[in-house]
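Novice: This is the structure, below, for whatever I ask next.
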Amino acid sequence: MKTSKFTYKTTSLCFLIVLVAFYSCQSDKDINEELDPIVIIPTPEPEATDEVLDDDLSCKTEFRNNSRTKDIPNPVNVGTMDDRTCYADYTESTIYGKVWGVYNITAGSNHKDAANTLQPRMERALPVATKTTVGTYVKFTGVVRILEAGKTDSDSSDGTYIMQAKGKHTGGGGSADPAICLFLAKPVYGIDGNGNRTQISFNIFREQIKYRGGSGSGRDVVFLTNIRKNVATTIELEVGFRANPNDASKKIHYADAVIGGEAFNWNIPEPDRGTESKIRYGAYRVKGGRGQIRWADTTTERVQK
């Protein structure tokens with residue numbers, strides 16, 4: 001009987017241990033099923049940028065260059081400098097595996113022209129084609145990143161030009177050095193990761209003349225495309241003369257652009273009055289705030305027939 005009693009107690013104890021363990025495991029399983037799974041998200045590397053983020057938009061004494069053509073030795077960007085801003089000088093940055101020309105301007109920072117006349121700019125002028133024969137052209141290629149464009153209280157005054165086609169004409173009218181069409185980046189706003197309203201992309205417009213010498217109301221503003229902020233985008237611009245396919249006795253003066261692989265061709269009005277084809281690029285116009293444009297891999301070509 002003692003042996004039988006011991007066996008019974010032992011068996012009961014073992015059964016109790018197994019039962020407790022079963023319910024304990026079952027309870028843990030239920031709890032785990034009720035909890036959301038833990039997902040570990042790696043912290044991304046900070047996005048590389050050479051954007052100026054401070055709020056100081058004022059001119060600096062050291063940037064009041066005496067010569068508009070002031071430049072650094074052997075700049076990576078092609079063309080002759082036209083620096084009419086005392087906010088910054090041309091510099092270069094290395095990012096995303098490229099060397100970029102840095103063009104920063106702010107509202108009211110043109111220290112070279114009479115007050116309240118011409119807009120600030122930091123641009124490069126390329127060689128001019130002075131012939132008007134069919135087959136003559138100038139061409140510019142590059143990669144652009146747009147970080148910031150001018151912002152005012154009026155949409156019509158927003159934006160910063162990133163490049164332009166220029167050229168003189170016969171018969172008078174307009175500026176002595178007239179723009180033909182300008183490529184204007186207007187800011188599009190959104191909310192960043194910190195809940196702040198900020199520029200997240202840029203609508204690109206072609207501000208094109210209606211007639212030779214046109215400015216202001218003498219230009220149309222035509223939407224072309226949108227470029228995300230800080231996204232490297234390939235650009236081409238070719239300005240020149242070609243045959244009119246509808247009349248061999250006439251020619252076409254054109255300003256054809258390719259932005260991010262998409263073509264935006266345009267025929268300039270009154271082609272017979274045109275006497276030049278030329279291109280400038282960089283950063284130009286900021287009626288409020290700041291413009292920050294970056295250029296890399298720039299090339300230029302001129303063919304005169």
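Note on naming: chains are A, B, ... as they come in the structure tokens, residues start from 1 per chain, ligands start from 1 in the order shown.
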Find the residues near Leu184 of chain A: any atom within 9 Å, counting only C-alpha atoms, skip ones fewer than 6 places away on the same chain, and give them as an MDAnalysis selection string.
Specialist: chainID A and resid 159:164 203:207 221
Novice: Store the residues picked out above, limited to C-alpha atoms, as a PDB file, in the first residue's frame.
Specialist:
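Final output, saved to selection-v9.pdb:
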ATOM      1  CA  GLY A 159      10.066  81.755 -59.090  1.00  0.00           C
ATOM      2  CA  THR A 160      13.634  81.865 -60.338  1.00  0.00           C
ATOM      3  CA  TYR A 161      14.940  81.476 -63.891  1.00  0.00           C
ATOM      4  CA  ILE A 162      17.364  78.588 -64.403  1.00  0.00           C
ATOM      5  CA  MET A 163      18.312  79.291 -68.052  1.00  0.00           C
ATOM      6  CA  GLN A 164      17.285  81.453 -70.987  1.00  0.00           C
ATOM      7  CA  ASN A 203       6.830  73.649 -61.793  1.00  0.00           C
ATOM      8  CA  ILE A 204       8.885  74.582 -64.835  1.00  0.00           C
ATOM      9  CA  PHE A 205       7.455  77.183 -67.223  1.00  0.00           C
ATOM     10  CA  ARG A 206       8.721  78.665 -70.479  1.00  0.00           C
ATOM     11  CA  GLU A 207       8.247  82.436 -70.385  1.00  0.00           C
ATOM     12  CA  VAL A 221       4.008  81.761 -69.535  1.00  0.00           C
TER      13      VAL A 221
END
Novice: I'd like the contact shell of Ala125 of chain A - 12 Å cut-off, only C-alpha atoms, skipping same-chain residues fewer than 2 positions apart - returned as number ranges by chain.
Specialist: A: 68-69, 77-83, 121-123, 127-128, 138, 140, 163-166, 277-283, 300
Novice: Measuring between only C-alpha atoms, which one of A:Val286, A:Ile259, A:Ala243, A:Ile95 shows the shortest distance to Ser109 of chain A?
Specialist: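 Residue with the minimum atom-to-atom distance to Ser109 of chain A: A:Val286.
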Novice: In terms of the shortest atom-to-atom distance over only C-alpha atoms, which of A:Asn116, A:Thr234, A:Thr49, A:Ser58 is closest to Leu147 of chain A?
Specialist: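 The shortest atom-to-atom distance to Leu147 of chain A comes from A:Thr49.
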Novice: Please provide as a PyMOL selection string all residues within 9 Å of Ile180 of chain A, with the sequence filter that same-chain residues fewer than 2 positions apart are discarded (counting only C-alpha atoms).
Specialist: chain A and resi 164-168+178+182+207-209+212-214+255+268
Novice: Those selected residues, please, written with N, CA, C and O atoms and delivered as a compact mmCIF listing (two decimals), in the first residue's frame.
Specialist:
# COMPACT_ATOMS: atom_id res chain seq x y z
N GLN A 164 18.04 80.64 -70.05
CA GLN A 164 17.29 81.45 -70.99
C GLN A 164 17.93 81.46 -72.37
O GLN A 164 19.15 81.29 -72.50
N ALA A 165 17.08 81.63 -73.38
CA ALA A 165 17.54 81.87 -74.75
C ALA A 165 17.44 83.36 -75.00
O ALA A 165 16.45 84.01 -74.65
N LYS A 166 18.48 83.93 -75.62
CA LYS A 166 18.53 85.35 -75.90
C LYS A 166 18.92 85.58 -77.37
O LYS A 166 19.34 84.65 -78.05
N GLY A 167 18.79 86.82 -77.81
CA GLY A 167 19.22 87.14 -79.17
C GLY A 167 18.66 88.47 -79.64
O GLY A 167 17.47 88.75 -79.44
N LYS A 168 19.50 89.27 -80.25
CA LYS A 168 19.08 90.58 -80.76
C LYS A 168 18.27 90.40 -82.05
O LYS A 168 18.25 89.33 -82.66
N PRO A 178 17.87 91.50 -75.63
CA PRO A 178 16.57 90.94 -75.27
C PRO A 178 16.59 89.44 -74.98
O PRO A 178 17.33 88.67 -75.61
N LEU A 182 12.60 82.33 -71.31
CA LEU A 182 13.27 82.04 -70.05
C LEU A 182 12.59 80.86 -69.39
O LEU A 182 11.35 80.74 -69.44
N GLU A 207 8.75 81.06 -70.25
CA GLU A 207 8.25 82.44 -70.38
C GLU A 207 8.72 82.96 -71.74
O GLU A 207 9.86 83.36 -71.89
N GLN A 208 7.85 82.95 -72.72
CA GLN A 208 8.24 83.15 -74.12
C GLN A 208 7.63 84.42 -74.71
O GLN A 208 6.50 84.79 -74.39
N ILE A 209 8.39 85.08 -75.58
CA ILE A 209 7.91 86.32 -76.18
C ILE A 209 6.77 86.05 -77.16
O ILE A 209 6.72 85.02 -77.82
N ARG A 212 8.98 90.10 -81.09
CA ARG A 212 10.36 90.48 -80.82
C ARG A 212 10.41 91.67 -79.85
O ARG A 212 9.75 92.69 -80.06
N GLY A 213 11.22 91.51 -78.81
CA GLY A 213 11.36 92.55 -77.81
C GLY A 213 10.30 92.49 -76.73
O GLY A 213 10.30 93.33 -75.83
N GLY A 214 9.41 91.50 -76.78
CA GLY A 214 8.33 91.41 -75.80
C GLY A 214 8.84 91.18 -74.39
O GLY A 214 9.79 90.42 -74.16
N ALA A 255 13.90 77.52 -80.38
CA ALA A 255 14.51 77.33 -79.06
C ALA A 255 13.93 76.03 -78.52
O ALA A 255 12.83 76.01 -77.95
N ILE A 268 10.39 80.54 -82.45
CA ILE A 268 10.43 81.94 -82.02
C ILE A 268 9.69 82.81 -83.05
O ILE A 268 9.86 82.62 -84.26
Novice: Name all residues at most 8 Å from Ile72 of chain A (count only C-alpha atoms; drop same-chain ones fewer than 2 positions away) and give them as a list in words.
Specialist: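 Skipping anything fewer than 2 positions along the chain leaves Lys70, Asn74, Pro75, Tyr90 and Thr91 of chain A.
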Novice: Output N, CA and C atoms of each residue in that selection to a file, as a PDB file, in the first residue's frame.
Specialist:
ATOM      1  N   LYS A  70      33.803  88.180 -62.055  1.00  0.00           N
ATOM      2  CA  LYS A  70      34.583  87.515 -61.005  1.00  0.00           C
ATOM      3  C   LYS A  70      34.217  86.041 -60.936  1.00  0.00           C
ATOM      4  N   ASN A  74      39.511  77.967 -62.979  1.00  0.00           N
ATOM      5  CA  ASN A  74      39.108  76.705 -63.606  1.00  0.00           C
ATOM      6  C   ASN A  74      37.760  76.178 -63.097  1.00  0.00           C
ATOM      7  N   PRO A  75      36.702  76.948 -63.229  1.00  0.00           N
ATOM      8  CA  PRO A  75      35.387  76.479 -62.760  1.00  0.00           C
ATOM      9  C   PRO A  75      34.935  75.251 -63.537  1.00  0.00           C
ATOM     10  N   TYR A  90      30.101  82.608 -56.522  1.00  0.00           N
ATOM     11  CA  TYR A  90      30.068  81.266 -57.104  1.00  0.00           C
ATOM     12  C   TYR A  90      31.038  80.356 -56.355  1.00  0.00           C
ATOM     13  N   THR A  91      30.548  79.184 -55.977  1.00  0.00           N
ATOM     14  CA  THR A  91      31.384  78.155 -55.350  1.00  0.00           C
ATOM     15  C   THR A  91      31.031  76.813 -55.992  1.00  0.00           C
TER      16      THR A  91
END
Novice: Near segment 191-201 of chain A, within 10 Å and counting only C-alpha atoms, which residues show up once chain neighbours fewer than 6 positions away are dropped, as a compact mmCIF listing (two decimals) with C-alpha atoms, in the first residue's frame?
Specialist:
# COMPACT_ATOMS: atom_id res chain seq x y z
CA ILE A 146 16.78 72.98 -57.87
CA LEU A 147 16.81 73.49 -54.10
CA GLU A 148 14.89 76.73 -53.67
CA ALA A 149 13.12 79.33 -55.82
CA LYS A 151 8.65 83.16 -53.17
CA ALA A 185 11.05 77.38 -61.76
CA ASN A 226 7.56 69.43 -62.76
CA ILE A 227 10.93 68.69 -61.15
CA ARG A 228 11.22 67.31 -57.62
CA LYS A 229 13.42 69.23 -55.20
CA ASN A 230 17.09 68.18 -55.17
CA VAL A 231 16.57 65.63 -57.96
Novice: Per DSSP on the backbone, what are the alpha helix (DSSP H) residues of segment 13-249 of chain A, as a list of chain:residue names?
Specialist: A:Leu13, A:Cys14, A:Phe15, A:Leu16, A:Ile17, A:Val18, A:Leu19, A:Val20, A:Ala21, A:Phe22, A:Tyr23, A:Ser24, A:Cys25, A:Gln26, A:Ser27, A:Asp28, A:Lys29, A:Asp30, A:Ile31, A:Asn32, A:Glu33, A:Glu34
Novice: Include N, CA, C and O atoms and write out the residues we just selected as a CSV table (one decimal), in the first residue's frame.
Specialist:
chain,number,residue,atom,x,y,z
A,13,LEU,N,1.2,14.5,-9.0
A,13,LEU,CA,2.1,15.7,-9.1
A,13,LEU,C,2.6,15.9,-10.5
A,13,LEU,O,2.6,17.1,-11.0
A,14,CYS,N,3.0,14.9,-11.2
A,14,CYS,CA,3.4,15.0,-12.6
A,14,CYS,C,2.3,15.6,-13.4
A,14,CYS,O,2.5,16.4,-14.3
A,15,PHE,N,1.1,15.1,-13.2
A,15,PHE,CA,-0.1,15.5,-14.0
A,15,PHE,C,-0.3,17.0,-13.8
A,15,PHE,O,-0.6,17.8,-14.7
A,16,LEU,N,-0.2,17.4,-12.5
A,16,LEU,CA,-0.4,18.8,-12.2
A,16,LEU,C,0.7,19.7,-12.8
A,16,LEU,O,0.4,20.8,-13.3
A,17,ILE,N,1.9,19.3,-12.8
A,17,ILE,CA,3.0,20.1,-13.4
A,17,ILE,C,2.8,20.2,-14.9
A,17,ILE,O,2.9,21.3,-15.5
A,18,VAL,N,2.4,19.1,-15.6
A,18,VAL,CA,2.1,19.2,-17.0
A,18,VAL,C,0.9,20.1,-17.3
A,18,VAL,O,0.9,20.9,-18.2
A,19,LEU,N,-0.1,20.0,-16.5
A,19,LEU,CA,-1.3,20.9,-16.7
A,19,LEU,C,-1.0,22.4,-16.5
A,19,LEU,O,-1.4,23.2,-17.3
A,20,VAL,N,-0.2,22.7,-15.5
A,20,VAL,CA,0.2,24.1,-15.2
A,20,VAL,C,1.1,24.6,-16.4
A,20,VAL,O,0.9,25.7,-16.9
A,21,ALA,N,2.0,23.8,-16.9
A,21,ALA,CA,2.9,24.1,-18.0
A,21,ALA,C,2.1,24.4,-19.2
A,21,ALA,O,2.3,25.3,-20.0
A,22,PHE,N,1.0,23.5,-19.4
A,22,PHE,CA,0.2,23.6,-20.6
A,22,PHE,C,-0.6,25.0,-20.6
A,22,PHE,O,-0.5,25.7,-21.6
A,23,TYR,N,-1.2,25.3,-19.5
A,23,TYR,CA,-2.0,26.5,-19.4
A,23,TYR,C,-1.0,27.8,-19.5
A,23,TYR,O,-1.4,28.8,-20.0
A,24,SER,N,0.1,27.6,-18.8
A,24,SER,CA,1.1,28.7,-18.9
A,24,SER,C,1.5,29.0,-20.3
A,24,SER,O,1.5,30.1,-20.7
A,25,CYS,N,1.8,27.9,-21.1
A,25,CYS,CA,2.2,28.1,-22.5
A,25,CYS,C,1.0,28.7,-23.3
A,25,CYS,O,1.2,29.5,-24.2
A,26,GLN,N,-0.2,28.1,-23.0
A,26,GLN,CA,-1.3,28.6,-23.8
A,26,GLN,C,-1.6,30.1,-23.5
A,26,GLN,O,-1.9,30.8,-24.4
A,27,SER,N,-1.4,30.5,-22.2
A,27,SER,CA,-1.6,31.9,-21.9
A,27,SER,C,-0.6,32.8,-22.6
A,27,SER,O,-1.0,33.8,-23.1
A,28,ASP,N,0.7,32.3,-22.7
A,28,ASP,CA,1.7,33.1,-23.3
A,28,ASP,C,1.4,33.2,-24.8
A,28,ASP,O,1.5,34.3,-25.4
A,29,LYS,N,0.8,32.1,-25.4
A,29,LYS,CA,0.5,32.2,-26.8
A,29,LYS,C,-0.6,33.2,-27.1
A,29,LYS,O,-0.5,33.9,-28.0
A,30,ASP,N,-1.6,33.2,-26.2
A,30,ASP,CA,-2.8,34.1,-26.4
A,30,ASP,C,-2.3,35.5,-26.3
A,30,ASP,O,-2.7,36.4,-27.1
A,31,ILE,N,-1.4,35.8,-25.4
A,31,ILE,CA,-0.9,37.2,-25.2
A,31,ILE,C,-0.2,37.6,-26.4
A,31,ILE,O,-0.3,38.7,-26.9
A,32,ASN,N,0.7,36.7,-26.9
A,32,ASN,CA,1.5,37.1,-28.0
A,32,ASN,C,0.7,37.3,-29.3
A,32,ASN,O,1.0,38.2,-30.1
A,33,GLU,N,-0.4,36.6,-29.4
A,33,GLU,CA,-1.3,36.8,-30.6
A,33,GLU,C,-2.0,38.1,-30.5
A,33,GLU,O,-2.4,38.7,-31.5
A,34,GLU,N,-2.3,38.6,-29.3
A,34,GLU,CA,-3.0,39.8,-29.1
A,34,GLU,C,-2.1,41.1,-29.4
A,34,GLU,O,-2.6,42.1,-29.7
Novice: Need to verify the contact set: Glu92 of chain A, 7 Å, only C-alpha atoms, exclusion of same-chain residues closer than 2 positions in sequence. Can you return it as number ranges by chain?
Specialist: A: 94, 99-102
Novice: Save the residues we just selected, C-alpha atoms, as a PDB file, in the first residue's frame?
Specialist:
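Saved file again.pdb follows:
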ATOM      1  CA  THR A  94      30.888  67.647 -54.550  1.00  0.00           C
ATOM      2  CA  VAL A  99      31.021  68.479 -58.879  1.00  0.00           C
ATOM      3  CA  TRP A 100      28.269  71.103 -58.928  1.00  0.00           C
ATOM      4  CA  GLY A 101      28.380  74.812 -59.578  1.00  0.00           C
ATOM      5  CA  VAL A 102      26.558  76.601 -56.745  1.00  0.00           C
TER       6      VAL A 102
END
Novice: Mind giving me the straight-line distance from atom CA of Gly261 of chain A to atom CA of Lys131 of chain A in Å, one decimal?
Specialist: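 According to the coordinates, atom CA of Gly261 of chain A and atom CA of Lys131 of chain A are separated by 28.8 Å.
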Novice: List every residue of segment 135-293 of chain A that DSSP, applied to the backbone of this structure, places in strand (DSSP E), and write the result as a PyMOL selection string.
Specialist: chain A and resi 137-148+160-166+179-191+197-209+219-228+233-243+251-259+262-264+278-284+290-293
Novice: Which residue out of A:Asp247, A:Asp177, A:Glu238, A:Asp297 has the minimum interatomic distance to Tyr137 of chain A when only C-alpha atoms are used?
Specialist: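 For Tyr137 of chain A, the nearest of the given residues is A:Glu238.
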Novice: Calculated over only C-alpha atoms, which of the candidates A:Cys59, A:Leu53, A:Ile235, A:Ile252 has the smallest distance to Ala107 of chain A?
Specialist: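 The closest residue to Ala107 of chain A is A:Cys59.
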